[in-house]
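S.K.: Input: one structure, supplied below.
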2 protein chains.
Amino acid sequence: MFEELINKSGKWINSKGPDSDVVISSRVRLARNIGGFVFPQLLRDQDYEKIFAQVKKAAAKSKALKNAHIVSINQLDDIDRYLLVERHLISYDHAAADRKRAVIFSKDESISVMVNEEDHLRMQVILPGIQLQECWRKLDTLDTELERELAFAFSPEAGYLTACPTNTGTGLRASMMVHLPALVISKDINKILQRMNQLGLVVRGFYGEGIEIRTAFFQISNQISLSQTESEIIVNIERITRQIMENEHKARASLFKTNKAKIEDNIWRAYGLLKSARTISFEEAITLLSSLRLGAETGIIKVKLKTINELLISAQPGHIQRISGKPMPEEARDIKRAELIRNKLRD
Amino acid sequence: MFEELINKSGKWINSKGPDSDVVISSRVRLARNIGGFVFPQLLRDQDYEKIFAQVKKAAAKSKALKNAHIVSINQLDDIDRYLLVERHLISYDHAAADRKRAVIFSKDESISVMVNEEDHLRMQVILPGIQLQECWRKLDTLDTELERELAFAFSPEAGYLTACPTNTGTGLRASMMVHLPALVISKDINKILQRMNQLGLVVRGFYGEGIEIRTAFFQISNQISLSQTESEIIVNIERITRQIMENEHKARASLFKTNKAKIEDNIWRAYGLLKSARTISFEEAITLLSSLRLGAETGIIKVKLKTINELLISAQPGHIQRISGKPMPEEARDIKRAELIRNKLRD
């Protein structure tokens with residue numbers, strides 16, 4: 001199955017969304033648990049099997065999950081587990097856990113349902129560009145479909161019950177993946193990160209959880225899901241994201257006004273290095289792809305965002321090893337990564 | 001005339017010589033003075049005119065200088081003066097001096113005669129690769145031709161008389177321009193430079209006199225021209241150059257054995273940057289061209305040595321400004337240089 005995965009990319013990465021010059025993708029997820037079972041951390045294997053059976057049955061009746069992949073994480077080797085993490089289909093914790101667990105995801109990878117992660121179900125919809133409302137609409141439909149078959153643990157006072165209190169209530173987390181190179185160059189990013197913390201938002205690197213790399217790719221999400229409706233959370237995050245987007249646009253305009261030659265040079269050099277390097281670390285690749293994306297976003301370089309997005313995913317260590325079909329030491333990965341990038345940019 | 005110069009390059013730079021993977025060019029020059037006149041530093045303008053007239057007359061009868069360019073340096077603007085320096089047709093001092101002076105050089109730029117530099121005549125032959133003997137043969141012919149018309153100051157005891165005692169005797173200086181990237185990377189270059197000093201040789205950067213840039217391009221020449229015959233000097237320098245060449249070959253082999261991936265990556269990255277940069281300093285250009293030349297010398301990259309050699313000349317500030325037709329601040333030169341390199345490497 002994973003042969004098929006690496007030969008294409010998810011809908012959220014290969015299709016153009018609104019405002020994708022700054023916003024790479026929008027994601028909404030819901031945490032749900034099934035009444036009558038303990039939370040995953042203490043769940044016995046036999047109860048997991050019962051839950052998994054129920055979820056599979058419900059999924060089979062869901063239109064949203066028609067023809068979806070159903071994958072037991074336990075049956076995968078490390079490379080395939082991290083491949084799923086790198087494609088944002090499962091969390092890093094879900095890959096690393098040692099309990100029985102699974103994931104169900106749609107062919108186009110826009111919908112995924114983790115089974116037995118921190119909660120019994122973690123379902124998400126991810127779409128390109130700013131499409132938080134559309135994500136929520138789709139996810140709400142899926143939630144309704146599944147709730148017809150599954151008895152979700154719910155309290156009229158607290159809302160949906162979850163293993164961790166930060167998720168209780170709506171069980172909803174909304175997040176946006178954004179590319180803010182001009183704010184990073186101008187250093188205004190620090191003020192913005194501070195302000196977002198004050199607004200109760202979390203900002204992490206795009207390649208968050210597990211691998212921490214400081215780049216101009218960020219993920220903005222809400223911290224608490226209680227005492228706000230789903231729509232309120234979503235409208236709030238979308239509004240803040242649009243403000244940040246405006247800041248980034250202003251920072252780009254100012255950068256190109258004061259420092260055009262330097263910035264263009266930086267972009268073209270990144271392109272030159274990506275097209276020619278024979279060995280390249282993951283961190284350097286992401287940094288150069290960030291410059292290249294700024295070039296594509298601003299029309300300086302005619303490279304499709306789709307191509308760059310796909311490289312942002314496939315340059316990751318799990319993908320490199322899956323493409324090569326074997327575990328590889330870092331040095332060999334760096335050589336393979338350089339080759340992959342060269343071939344992709346030659347198209 | 002200089003329009004014509006910048007559209008082509010000298011024979012020593014655009015044609016392939018023996019062992020040109022390490023030796024870029026060979027050069028021999030002779031210092032001569034005309035009896036009955038004081039040395040240039042104290043020479044009056046009217047006497048200079050007499051000397052210049054004599055030299056022109058002698059040149060007109062020389063086969064070697066048939067159709068040669070005759071240029072009064074005083075009539076040139078700064079850009080054209082440094083253009084001649086950058087093409088190795090005149091010395092930096094000859095460009096910078098404030099006395100009346102001239103240069104006569106052959107169409108193919110392999111022969112040049114400076115008039116009223118430190119000595120009344122400084123004549124040189126420069127050829128690609130290791131061709132010191134051939135340089136000397138041609139220069140000896142020219143010297144004989146000119147001596148038929150000009151009364152060179154000569155003492156049976158001291159030999160040819162020159163303004164500076166280090167040139168007295170044969171008046172000969174032989175030099176080789178070499179590219180030693182592997183010896184620089186391995187740091188063995190330091191030992192070699194030391195040994196050459198002990199052997200009475202001078203080693204300077206390729207872009208010596210005036211602009212000092214530390215690169216892997218070196219110029220090796222003899223320090224004294226007394227108490228050795230012309231042939232002895234030349235045989236000696238050629239022998240030492242061949243030893244250094246052997247050292248460089250061994251260093252390359254060892255480098256490619258132990259560090260192939262890194263070196264190839266470095267070469268390809270240099271190529272990528274040169275083909276894509278939008279602004280590039282002279283120093284960075286030379287450094288990257290050195291890596292690219294190593295790639296071409298070792299067959300890793302299919303770029304002609306001729307192309308790289310021409311860029312090593314035309315990337316210099318005087319050429320950049322001559323091509324643009326006007327004096328330019330450094331920032332504008334760096335942009336023009338990047339453009340020139342991109343266009344040249346696109347061929």
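Please note that chains go A, B, ... in the order of the structure tokens, that every chain numbers its residues from 1, and that ligands are numbered from 1 in the order shown.
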Neighbouring residues of region 110-123 of chain A were defined as those with any atom within 7 Å, considering only C-alpha atoms; residues of the same chain fewer than 2 positions away were excluded. Please report them as a PyMOL selection string.

M.R.: chain A and resi 10-12+29-34+39-40+52+89-90+94+101-106+108+125-127+162-163

S.K.: Taking only C-alpha atoms into account, find every residue of chain A that has an atom no more than 8 Å from chain B, and write it out as an NGL selection string.

M.R.: :A and (261-262 or 264-266 or 268-269 or 271-273 or 275-279)

S.K.: Using DSSP on the backbone, list every residue of region 112-279 of chain B that comes out as alpha helix (DSSP H), and give them as an MDAnalysis selection string.

M.R.: chainID B and resid 132:147 181:185 189:198 230:276

S.K.: May I ask for the distance between CA of Leu146 (chain A) and CA of Val55 (chain A), given in Å to one decimal place?

M.R.: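 Calculated distance between CA of Leu146 (chain A) and CA of Val55 (chain A) is 7.9 Å.
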
S.K.: Of the residues B:Arg99, B:Lys66, B:Lys191, B:Lys50, which is the one nearest to Asn247 (chain B), using only C-alpha atoms?

M.R.: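 Using only C-alpha atoms, the shortest distance to Asn247 (chain B) belongs to B:Lys191.
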